[in-house]
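**Q** Hey, dropping target.pdb in here, PDB, C-alpha atoms:
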```pdb
ATOM      1  CA  MET A   1      14.461 199.853 -85.998  1.00  0.00           C
ATOM      2  CA  ASP A   2      15.612 202.131 -83.214  1.00  0.00           C
ATOM      3  CA  THR A   3      14.037 205.292 -84.512  1.00  0.00           C
ATOM      4  CA  ILE A   4      15.407 207.593 -81.843  1.00  0.00           C
ATOM      5  CA  THR A   5      18.973 206.413 -82.332  1.00  0.00           C
ATOM      6  CA  ASP A   6      18.621 206.626 -86.083  1.00  0.00           C
ATOM      7  CA  GLN A   7      17.211 210.107 -85.987  1.00  0.00           C
ATOM      8  CA  LYS A   8      19.938 211.248 -83.621  1.00  0.00           C
ATOM      9  CA  GLN A   9      22.370 210.071 -86.241  1.00  0.00           C
ATOM     10  CA  VAL A  10      20.565 212.324 -88.717  1.00  0.00           C
ATOM     11  CA  LYS A  11      21.097 215.263 -86.403  1.00  0.00           C
ATOM     12  CA  GLU A  12      24.712 214.470 -85.772  1.00  0.00           C
ATOM     13  CA  SER A  13      25.785 214.101 -89.387  1.00  0.00           C
ATOM     14  CA  ASN A  14      26.302 217.088 -91.641  1.00  0.00           C
ATOM     15  CA  GLN A  15      24.990 218.198 -95.000  1.00  0.00           C
ATOM     16  CA  THR A  16      27.803 216.759 -97.069  1.00  0.00           C
ATOM     17  CA  ASP A  17      27.564 213.387 -95.348  1.00  0.00           C
ATOM     18  CA  LEU A  18      23.908 212.477 -95.644  1.00  0.00           C
ATOM     19  CA  PRO A  19      22.847 209.041 -94.391  1.00  0.00           C
ATOM     20  CA  LYS A  20      23.335 206.525 -97.150  1.00  0.00           C
ATOM     21  CA  PRO A  21      20.452 204.496 -98.585  1.00  0.00           C
ATOM     22  CA  SER A  22      20.564 200.866 -97.529  1.00  0.00           C
ATOM     23  CA  SER A  23      20.047 199.295-100.942  1.00  0.00           C
ATOM     24  CA  SER A  24      22.134 199.135-104.076  1.00  0.00           C
ATOM     25  CA  GLU A  25      19.699 201.343-106.012  1.00  0.00           C
ATOM     26  CA  PRO A  26      21.206 203.989-108.282  1.00  0.00           C
ATOM     27  CA  PRO A  27      21.680 207.314-106.484  1.00  0.00           C
ATOM     28  CA  ILE A  28      18.778 209.738-106.604  1.00  0.00           C
ATOM     29  CA  ARG A  29      19.792 213.344-107.102  1.00  0.00           C
ATOM     30  CA  PHE A  30      17.251 215.744-105.682  1.00  0.00           C
ATOM     31  CA  ALA A  31      17.424 219.458-104.986  1.00  0.00           C
ATOM     32  CA  GLY A  32      21.183 219.723-105.150  1.00  0.00           C
ATOM     33  CA  ALA A  33      21.954 216.655-103.034  1.00  0.00           C
ATOM     34  CA  THR A  34      21.851 212.881-103.192  1.00  0.00           C
ATOM     35  CA  LEU A  35      18.914 211.329-101.409  1.00  0.00           C
ATOM     36  CA  GLY A  36      19.971 209.380 -98.333  1.00  0.00           C
ATOM     37  CA  ALA A  37      18.252 206.912 -96.049  1.00  0.00           C
ATOM     38  CA  TYR A  38      15.877 209.497 -94.554  1.00  0.00           C
ATOM     39  CA  ARG A  39      13.249 210.245 -97.143  1.00  0.00           C
ATOM     40  CA  HIS A  40      10.474 212.066 -95.329  1.00  0.00           C
ATOM     41  CA  ILE A  41      11.072 215.501 -96.770  1.00  0.00           C
ATOM     42  CA  CYS A  42       9.432 218.856 -96.111  1.00  0.00           C
ATOM     43  CA  ALA A  43       9.790 221.345 -98.956  1.00  0.00           C
ATOM     44  CA  PHE A  44       9.176 225.084 -98.883  1.00  0.00           C
ATOM     45  CA  PHE A  45       8.940 227.079-102.085  1.00  0.00           C
ATOM     46  CA  ASN A  46       8.486 230.768-102.784  1.00  0.00           C
ATOM     47  CA  SER A  47       6.524 230.242-105.977  1.00  0.00           C
ATOM     48  CA  PRO A  48       5.074 227.511-108.184  1.00  0.00           C
ATOM     49  CA  ASP A  49       7.886 228.147-110.678  1.00  0.00           C
ATOM     50  CA  GLU A  50      10.508 227.511-108.003  1.00  0.00           C
ATOM     51  CA  GLU A  51       8.610 224.437-106.829  1.00  0.00           C
ATOM     52  CA  TYR A  52       8.457 222.829-110.248  1.00  0.00           C
ATOM     53  CA  ARG A  53      12.031 223.824-111.084  1.00  0.00           C
ATOM     54  CA  VAL A  54      13.116 221.733-108.080  1.00  0.00           C
ATOM     55  CA  LEU A  55      10.553 218.922-108.265  1.00  0.00           C
ATOM     56  CA  LEU A  56      10.277 218.216-111.990  1.00  0.00           C
ATOM     57  CA  PRO A  57      13.756 216.718-112.525  1.00  0.00           C
ATOM     58  CA  PHE A  58      13.114 214.440-109.534  1.00  0.00           C
ATOM     59  CA  ILE A  59       9.663 213.476-110.769  1.00  0.00           C
ATOM     60  CA  LYS A  60      10.794 212.968-114.363  1.00  0.00           C
ATOM     61  CA  GLU A  61      13.720 210.805-113.318  1.00  0.00           C
ATOM     62  CA  GLY A  62      11.315 208.525-111.456  1.00  0.00           C
ATOM     63  CA  PHE A  63       9.178 208.060-114.566  1.00  0.00           C
ATOM     64  CA  GLU A  64      12.261 207.379-116.687  1.00  0.00           C
ATOM     65  CA  ARG A  65      13.464 204.743-114.238  1.00  0.00           C
ATOM     66  CA  GLY A  66      10.116 203.001-114.357  1.00  0.00           C
ATOM     67  CA  GLU A  67       9.209 203.889-110.782  1.00  0.00           C
ATOM     68  CA  LYS A  68       5.741 204.792-109.594  1.00  0.00           C
ATOM     69  CA  ALA A  69       4.576 208.368-109.050  1.00  0.00           C
ATOM     70  CA  PHE A  70       1.785 209.098-106.595  1.00  0.00           C
ATOM     71  CA  HIS A  71       0.815 212.762-106.389  1.00  0.00           C
ATOM     72  CA  ILE A  72      -1.739 214.551-104.225  1.00  0.00           C
ATOM     73  CA  VAL A  73      -2.774 218.036-105.318  1.00  0.00           C
ATOM     74  CA  ASP A  74      -5.126 220.905-104.723  1.00  0.00           C
ATOM     75  CA  PRO A  75      -8.046 220.151-107.076  1.00  0.00           C
ATOM     76  CA  LYS A  76      -7.926 223.755-108.264  1.00  0.00           C
ATOM     77  CA  LEU A  77      -4.350 223.199-109.470  1.00  0.00           C
ATOM     78  CA  ARG A  78      -4.824 219.702-110.877  1.00  0.00           C
ATOM     79  CA  ASP A  79      -4.821 220.780-114.538  1.00  0.00           C
ATOM     80  CA  GLU A  80      -1.819 223.036-114.032  1.00  0.00           C
ATOM     81  CA  HIS A  81       0.054 220.173-112.348  1.00  0.00           C
ATOM     82  CA  LEU A  82      -0.650 217.866-115.273  1.00  0.00           C
ATOM     83  CA  LYS A  83       0.454 220.530-117.752  1.00  0.00           C
ATOM     84  CA  ARG A  84       3.735 220.994-115.887  1.00  0.00           C
ATOM     85  CA  LEU A  85       4.400 217.256-116.134  1.00  0.00           C
ATOM     86  CA  GLN A  86       3.549 217.176-119.828  1.00  0.00           C
ATOM     87  CA  VAL A  87       5.779 220.145-120.621  1.00  0.00           C
ATOM     88  CA  VAL A  88       8.849 218.168-119.544  1.00  0.00           C
ATOM     89  CA  GLY A  89       7.809 215.237-121.708  1.00  0.00           C
ATOM     90  CA  ILE A  90       6.077 212.947-119.208  1.00  0.00           C
ATOM     91  CA  ALA A  91       3.419 210.904-121.015  1.00  0.00           C
ATOM     92  CA  ILE A  92       0.877 211.027-118.220  1.00  0.00           C
ATOM     93  CA  ASP A  93      -1.967 209.231-119.994  1.00  0.00           C
ATOM     94  CA  GLU A  94       0.167 206.224-120.825  1.00  0.00           C
ATOM     95  CA  ALA A  95       1.701 206.219-117.352  1.00  0.00           C
ATOM     96  CA  GLU A  96      -1.768 206.278-115.772  1.00  0.00           C
ATOM     97  CA  GLN A  97      -2.931 203.427-117.975  1.00  0.00           C
ATOM     98  CA  ARG A  98      -0.065 201.169-116.923  1.00  0.00           C
ATOM     99  CA  GLY A  99      -0.530 202.085-113.247  1.00  0.00           C
ATOM    100  CA  GLN A 100       2.717 204.019-113.033  1.00  0.00           C
ATOM    101  CA  PHE A 101       1.089 207.337-112.245  1.00  0.00           C
ATOM    102  CA  GLU A 102      -1.740 208.169-109.875  1.00  0.00           C
ATOM    103  CA  LEU A 103      -2.968 211.669-109.215  1.00  0.00           C
ATOM    104  CA  ARG A 104      -5.411 212.351-106.388  1.00  0.00           C
ATOM    105  CA  ASN A 105      -7.146 215.471-105.206  1.00  0.00           C
ATOM    106  CA  TRP A 106      -6.966 216.453-101.545  1.00  0.00           C
ATOM    107  CA  GLU A 107     -10.563 215.246-101.127  1.00  0.00           C
ATOM    108  CA  ASP A 108      -9.504 211.755-102.184  1.00  0.00           C
ATOM    109  CA  ALA A 109      -6.565 211.594 -99.801  1.00  0.00           C
ATOM    110  CA  TYR A 110      -6.101 213.967 -96.850  1.00  0.00           C
ATOM    111  CA  LEU A 111      -9.662 215.212 -96.753  1.00  0.00           C
ATOM    112  CA  ARG A 112     -11.750 212.136 -97.415  1.00  0.00           C
ATOM    113  CA  ASP A 113     -15.243 212.447 -95.904  1.00  0.00           C
ATOM    114  CA  GLY A 114     -14.645 216.185 -95.638  1.00  0.00           C
ATOM    115  CA  HIS A 115     -12.098 216.141 -92.856  1.00  0.00           C
ATOM    116  CA  PHE A 116      -8.549 215.076 -92.019  1.00  0.00           C
ATOM    117  CA  ASP A 117      -8.308 211.751 -90.205  1.00  0.00           C
ATOM    118  CA  GLN A 118      -4.690 210.963 -89.319  1.00  0.00           C
ATOM    119  CA  ASN A 119      -5.274 207.229 -88.893  1.00  0.00           C
ATOM    120  CA  LYS A 120      -6.956 206.902 -92.267  1.00  0.00           C
ATOM    121  CA  MET A 121      -4.199 208.918 -93.898  1.00  0.00           C
ATOM    122  CA  LEU A 122      -1.418 206.843 -92.322  1.00  0.00           C
ATOM    123  CA  ALA A 123      -3.217 203.750 -93.598  1.00  0.00           C
ATOM    124  CA  LEU A 124      -3.457 205.258 -97.074  1.00  0.00           C
ATOM    125  CA  ILE A 125       0.265 206.056 -97.205  1.00  0.00           C
ATOM    126  CA  GLU A 126       1.052 202.501 -96.164  1.00  0.00           C
ATOM    127  CA  GLU A 127      -1.403 201.152 -98.736  1.00  0.00           C
ATOM    128  CA  VAL A 128       0.105 203.295-101.509  1.00  0.00           C
ATOM    129  CA  LEU A 129       3.712 202.361-100.740  1.00  0.00           C
ATOM    130  CA  ASP A 130       2.912 198.662-100.304  1.00  0.00           C
ATOM    131  CA  GLY A 131       0.744 198.794-103.426  1.00  0.00           C
ATOM    132  CA  GLY A 132       3.569 200.200-105.528  1.00  0.00           C
ATOM    133  CA  HIS A 133       5.807 197.310-104.590  1.00  0.00           C
ATOM    134  CA  GLN A 134       3.018 194.786-105.167  1.00  0.00           C
ATOM    135  CA  GLN A 135       2.541 196.270-108.647  1.00  0.00           C
ATOM    136  CA  GLY A 136       6.217 195.612-109.289  1.00  0.00           C
ATOM    137  CA  PHE A 137       7.593 199.138-108.980  1.00  0.00           C
ATOM    138  CA  ALA A 138      10.961 199.355-107.267  1.00  0.00           C
ATOM    139  CA  LEU A 139      10.081 202.719-105.736  1.00  0.00           C
ATOM    140  CA  THR A 140       7.149 205.055-105.379  1.00  0.00           C
ATOM    141  CA  ARG A 141       7.964 208.766-105.395  1.00  0.00           C
ATOM    142  CA  LEU A 142       5.146 210.334-103.414  1.00  0.00           C
ATOM    143  CA  VAL A 143       4.664 214.077-103.815  1.00  0.00           C
ATOM    144  CA  ALA A 144       1.890 215.768-101.852  1.00  0.00           C
ATOM    145  CA  HIS A 145       0.851 219.401-101.819  1.00  0.00           C
ATOM    146  CA  MET A 146      -0.051 220.452 -98.297  1.00  0.00           C
ATOM    147  CA  GLU A 147      -1.452 223.971 -98.651  1.00  0.00           C
ATOM    148  CA  TRP A 148      -4.805 222.762 -97.279  1.00  0.00           C
ATOM    149  CA  ALA A 149      -3.092 222.690 -93.877  1.00  0.00           C
ATOM    150  CA  LEU A 150      -3.031 226.490 -93.948  1.00  0.00           C
ATOM    151  CA  GLU A 151      -6.818 226.548 -94.216  1.00  0.00           C
ATOM    152  CA  ASP A 152      -9.298 226.006 -91.425  1.00  0.00           C
ATOM    153  CA  ARG A 153     -10.138 222.418 -92.353  1.00  0.00           C
ATOM    154  CA  PRO A 154     -11.780 219.981 -89.913  1.00  0.00           C
ATOM    155  CA  GLY A 155      -9.142 217.792 -88.266  1.00  0.00           C
ATOM    156  CA  VAL A 156      -6.215 219.982 -89.332  1.00  0.00           C
ATOM    157  CA  ASN A 157      -5.063 220.185 -85.698  1.00  0.00           C
ATOM    158  CA  ASP A 158      -4.051 216.530 -85.914  1.00  0.00           C
ATOM    159  CA  LEU A 159      -1.680 217.158 -88.802  1.00  0.00           C
ATOM    160  CA  VAL A 160       1.440 217.627 -86.662  1.00  0.00           C
ATOM    161  CA  GLU A 161       0.800 214.364 -84.824  1.00  0.00           C
ATOM    162  CA  TYR A 162       0.253 212.634 -88.156  1.00  0.00           C
ATOM    163  CA  GLU A 163       3.534 213.964 -89.529  1.00  0.00           C
ATOM    164  CA  THR A 164       5.503 212.786 -86.519  1.00  0.00           C
ATOM    165  CA  ARG A 165       3.807 209.372 -86.612  1.00  0.00           C
ATOM    166  CA  LEU A 166       4.864 209.054 -90.249  1.00  0.00           C
ATOM    167  CA  ASN A 167       8.405 208.845 -88.869  1.00  0.00           C
ATOM    168  CA  TYR A 168       7.528 205.439 -87.391  1.00  0.00           C
ATOM    169  CA  LEU A 169       6.112 204.236 -90.699  1.00  0.00           C
ATOM    170  CA  LEU A 170       8.432 205.624 -93.379  1.00  0.00           C
ATOM    171  CA  PRO A 171      11.731 204.140 -92.157  1.00  0.00           C
ATOM    172  CA  ARG A 172      10.292 200.776 -93.218  1.00  0.00           C
ATOM    173  CA  TYR A 173      10.317 201.984 -96.829  1.00  0.00           C
ATOM    174  CA  GLN A 174      12.828 203.462 -99.222  1.00  0.00           C
ATOM    175  CA  ASP A 175      10.163 205.411-101.079  1.00  0.00           C
ATOM    176  CA  PRO A 176      10.662 209.176-100.917  1.00  0.00           C
ATOM    177  CA  VAL A 177       7.729 211.130 -99.476  1.00  0.00           C
ATOM    178  CA  ILE A 178       7.760 214.842-100.227  1.00  0.00           C
TER     179      ILE A 178
ATOM    180  CA  MET B   1       8.658 221.441 -89.960  1.00  0.00           C
ATOM    181  CA  ARG B   2      10.111 219.784 -86.818  1.00  0.00           C
ATOM    182  CA  THR B   3       8.528 216.500 -87.891  1.00  0.00           C
ATOM    183  CA  HIS B   4      10.618 216.075 -91.061  1.00  0.00           C
ATOM    184  CA  PRO B   5      14.182 214.732 -90.900  1.00  0.00           C
ATOM    185  CA  MET B   6      14.979 216.310 -94.260  1.00  0.00           C
ATOM    186  CA  ILE B   7      14.034 219.699 -95.622  1.00  0.00           C
ATOM    187  CA  ILE B   8      14.247 221.640 -98.874  1.00  0.00           C
ATOM    188  CA  VAL B   9      14.794 225.351 -98.386  1.00  0.00           C
ATOM    189  CA  GLY B  10      16.111 227.679-101.057  1.00  0.00           C
ATOM    190  CA  GLY B  11      15.937 224.791-103.495  1.00  0.00           C
ATOM    191  CA  ILE B  12      18.504 222.743-101.563  1.00  0.00           C
ATOM    192  CA  LEU B  13      17.882 219.417 -99.810  1.00  0.00           C
ATOM    193  CA  GLN B  14      19.493 219.232 -96.418  1.00  0.00           C
ATOM    194  CA  GLU B  15      19.095 217.636 -93.028  1.00  0.00           C
ATOM    195  CA  ASN B  16      16.637 219.470 -90.834  1.00  0.00           C
ATOM    196  CA  PRO B  17      18.469 220.750 -87.749  1.00  0.00           C
ATOM    197  CA  PHE B  18      15.123 221.303 -86.007  1.00  0.00           C
ATOM    198  CA  PHE B  19      13.921 217.729 -86.490  1.00  0.00           C
ATOM    199  CA  VAL B  20      12.528 216.070 -83.361  1.00  0.00           C
ATOM    200  CA  PRO B  21      12.270 212.254 -83.273  1.00  0.00           C
ATOM    201  CA  PRO B  22       8.716 210.916 -82.971  1.00  0.00           C
ATOM    202  CA  ASP B  23       8.980 209.543 -79.402  1.00  0.00           C
ATOM    203  CA  GLU B  24      10.137 212.915 -78.144  1.00  0.00           C
ATOM    204  CA  PHE B  25       7.668 214.852 -80.255  1.00  0.00           C
ATOM    205  CA  LEU B  26       4.691 212.769 -79.147  1.00  0.00           C
ATOM    206  CA  ARG B  27       5.692 213.305 -75.504  1.00  0.00           C
ATOM    207  CA  GLU B  28       5.799 217.035 -76.176  1.00  0.00           C
ATOM    208  CA  LEU B  29       2.333 216.934 -77.753  1.00  0.00           C
ATOM    209  CA  GLN B  30       0.965 215.018 -74.760  1.00  0.00           C
ATOM    210  CA  THR B  31       2.483 217.523 -72.341  1.00  0.00           C
ATOM    211  CA  ARG B  32       1.024 220.395 -74.331  1.00  0.00           C
ATOM    212  CA  GLU B  33      -2.419 218.766 -74.376  1.00  0.00           C
ATOM    213  CA  ALA B  34      -2.303 218.092 -70.622  1.00  0.00           C
ATOM    214  CA  ALA B  35      -1.383 221.733 -69.963  1.00  0.00           C
ATOM    215  CA  ARG B  36      -4.226 222.906 -72.182  1.00  0.00           C
ATOM    216  CA  ARG B  37      -6.751 220.723 -70.332  1.00  0.00           C
ATOM    217  CA  LEU B  38      -5.463 221.951 -66.986  1.00  0.00           C
ATOM    218  CA  THR B  39      -5.926 225.550 -68.112  1.00  0.00           C
ATOM    219  CA  GLU B  40      -9.483 224.751 -69.201  1.00  0.00           C
ATOM    220  CA  VAL B  41     -10.293 223.215 -65.794  1.00  0.00           C
ATOM    221  CA  GLU B  42      -8.850 226.212 -63.955  1.00  0.00           C
ATOM    222  CA  LEU B  43     -10.939 228.587 -66.055  1.00  0.00           C
TER     223      LEU B  43
END
```
When written as structure tokens, how does the structure in this file appear?
**A**
Amino acid sequence: MDTITDQKQVKESNQTDLPKPSSSEPPIRFAGATLGAYRHICAFFNSPDEEYRVLLPFIKEGFERGEKAFHIVDPKLRDEHLKRLQVVGIAIDEAEQRGQFELRNWEDAYLRDGHFDQNKMLALIEEVLDGGHQQGFALTRLVAHMEWALEDRPGVNDLVEYETRLNYLLPRYQDPVI
Amino acid sequence: MRTHPMIIVGGILQENPFFVPPDEFLRELQTREAARRLTEVEL
């Protein structure tokens, strides 16, 4: 894939004409728009309530369609995250048991071995997205909280390079990464 | 933020006008790193 050309096309199109997904999957409505071909998404929220108001319909729809959900959260907010999912009727225990839902703390994803290693994290994202398909899920909706990047964590300076390198990896997948 | 082709601001998903493709962004990072090393040597 010619990433530069493709991304230029992103820049040149406008909000009402988002790039179309390449498959015949049903449209995914998310945050007031229909998800297009470019699914590496940065989200800013003013409060947890705003965040979950935007994310929960997207997350819930994925569960209802039988897709996989892979979430990475601040361990301090893990219980609150689970409660928010349960409040909208997501049966998290059952989903976990059938492999449809996986929830990881930062320390089991971005900050394994106590620091951020961009190569290990890129490998994990690839492993998760490939794994979802191998398990038989049509899509994996990956949602990751990134507030750790605002803290003085070892390796955090490599985060920007990691995020740009994700743009080589993610165009190979249709799985949304938020 | 410049590393994401799509962005949600104000609860709305939209294309990110500040997005920089990875080839270009990596070149920028390399240039920045080279300048930083040069400054260190000069100090």
**Q** Output, as lines of an AutoDock Vina configuration file, the centre and edge lengths in Å (one decimal) of the axis-aligned box that contains all listed atoms of region 89-101 of chain A with 4 Å of margin on each side.
**A**
```
center_x = 2.4
center_y = 208.2
center_z = -117.0
size_x = 18.7
size_y = 22.1
size_z = 17.5
```
**Q** Taking (10.2, 212.9, -82.1) as a centre in this file's frame and 9 Å as the limit, can you find every polymer residue with an atom that close, using all atoms listed in the file, and give them as a ChimeraX atom specification?
**A** /A:3-4,7,164-165,167 /B:2-3,19-28
**Q** Might you spell out which residues the PyMOL selection byres ((chain A and resi 48-54) around 10) would select in the displayed file, as number ranges by chain?
**A** A: 30-32, 43-47, 55-59, 81, 84-85; B: 8, 10-13
**Q** Can you list every residue of chain B that has an atom at most 10 Å from region 35-40 of chain A, with its nearest atom pair and the distance in Å to one decimal, using only C-alpha atoms, ordered by chain then number, as a tab-separated table?
**A**
```
residue	atom	partner	partner_atom	distance
B:Thr3	CA	A:His40	CA	8.9
B:His4	CA	A:His40	CA	5.9
B:Pro5	CA	A:His40	CA	6.4
B:Met6	CA	A:His40	CA	6.3
B:Ile7	CA	A:His40	CA	8.4
B:Leu13	CA	A:Leu35	CA	8.3
B:Gln14	CA	A:Leu35	CA	9.4
B:Glu15	CA	A:Tyr38	CA	8.9
```
**Q** From the set B:Arg36, B:Val41, B:Met1, B:Thr31, which residue has the shortest atom-to-atom contact distance to chain A, counting all atoms listed in the file?
**A**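 Of all the options, B:Met1 lies closest to chain A.
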**Q** With only C-alpha atoms as the counted atoms, please give the residues lying no more than 10 Å from region 91-100 of chain A, apart from itself and same-chain residues fewer than 4 positions off, as a list in words.
**A**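 Residues meeting the cut-off are Gly62, Phe63, Gly66, Glu67, Lys68, Ala69, Phe70, Leu82, Lys83, Leu85, Gln86, Val87, Gly132, Gln135, Gly136, Phe137 and Thr140 of chain A.
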**Q** Using CA of Glu102 (chain A) and CA of Leu122 (chain A) as the two end points, give the distance in Å to one decimal.
**A**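 CA of Glu102 (chain A) sits 17.6 Å away from CA of Leu122 (chain A).
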**Q** Report, in Å to a single decimal, how far apart CA of Glu161 (chain A) and CA of Gln118 (chain A) are.
**A**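 Those two atoms sit 7.9 Å apart.
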**Q** Quick one, how far is CA of Ala149 (chain A) from CA of Leu103 (chain A)?
**A**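 So the two atoms, CA of Ala149 (chain A) and CA of Leu103 (chain A), lie 18.9 Å apart.
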**Q** Using only C-alpha atoms, determine which residues lie at most 12 Å from Lys76 (chain A), disregarding the query and same-chain residues fewer than 6 positions distant; provide the list as an MDAnalysis selection string.
**A** chainID A and resid 82 104:107 145 147:148
**Q** Of the candidates A:Pro26, A:His71, A:Cys42, A:Pro176, which one gets nearest to chain B if we count only C-alpha atoms?
**A**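 Result for the nearest residue to chain B: A:Cys42.
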**Q** For the file shown, what are the residues hit by the PyMOL selection byres ((chain A and resi 143) around 6), laid out as a PyMOL selection string?
**A** chain A and resi 71+142+144+178
**Q** For the file shown, what are the residues hit by the PyMOL selection byres ((chain A and resi 157) around 12), laid out as an MDAnalysis selection string?
**A** (chainID A and resid 115:118 148:156 158:163) or (chainID B and resid 29 33)
**Q** Rebuild region 4-19 of chain B so that it carries N, CA and C atoms, then output the result as a tab-separated table (two decimals), in the frame of the given file.
**A**
```
chain	number	residue	atom	x	y	z
B	4	HIS	N	9.99	216.61	-89.85
B	4	HIS	CA	10.62	216.08	-91.06
B	4	HIS	C	12.13	216.01	-90.89
B	5	PRO	N	12.72	214.82	-91.05
B	5	PRO	CA	14.18	214.73	-90.90
B	5	PRO	C	14.96	215.46	-92.00
B	6	MET	N	14.32	215.62	-93.16
B	6	MET	CA	14.98	216.31	-94.26
B	6	MET	C	14.11	217.48	-94.70
B	7	ILE	N	14.77	218.49	-95.26
B	7	ILE	CA	14.03	219.70	-95.62
B	7	ILE	C	14.63	220.31	-96.89
B	8	ILE	N	13.77	220.88	-97.71
B	8	ILE	CA	14.25	221.64	-98.87
B	8	ILE	C	13.92	223.10	-98.63
B	9	VAL	N	14.96	223.90	-98.53
B	9	VAL	CA	14.79	225.35	-98.39
B	9	VAL	C	15.76	226.01	-99.37
B	10	GLY	N	15.26	227.02	-100.06
B	10	GLY	CA	16.11	227.68	-101.06
B	10	GLY	C	16.51	226.72	-102.17
B	11	GLY	N	15.68	225.73	-102.40
B	11	GLY	CA	15.94	224.79	-103.50
B	11	GLY	C	16.98	223.74	-103.19
B	12	ILE	N	17.44	223.68	-101.94
B	12	ILE	CA	18.50	222.74	-101.56
B	12	ILE	C	18.00	221.75	-100.51
B	13	LEU	N	18.23	220.48	-100.77
B	13	LEU	CA	17.88	219.42	-99.81
B	13	LEU	C	18.97	219.32	-98.75
B	14	GLN	N	18.52	219.34	-97.51
B	14	GLN	CA	19.49	219.23	-96.42
B	14	GLN	C	18.83	218.59	-95.19
B	15	GLU	N	19.65	218.14	-94.27
B	15	GLU	CA	19.10	217.64	-93.03
B	15	GLU	C	18.45	218.78	-92.27
B	16	ASN	N	17.37	218.45	-91.57
B	16	ASN	CA	16.64	219.47	-90.83
B	16	ASN	C	17.19	219.56	-89.41
B	17	PRO	N	17.87	220.65	-89.09
B	17	PRO	CA	18.47	220.75	-87.75
B	17	PRO	C	17.42	220.86	-86.64
B	18	PHE	N	16.19	221.15	-87.01
B	18	PHE	CA	15.12	221.30	-86.01
B	18	PHE	C	14.29	220.03	-85.84
B	19	PHE	N	14.69	218.97	-86.55
B	19	PHE	CA	13.92	217.73	-86.49
B	19	PHE	C	13.89	217.17	-85.06
```
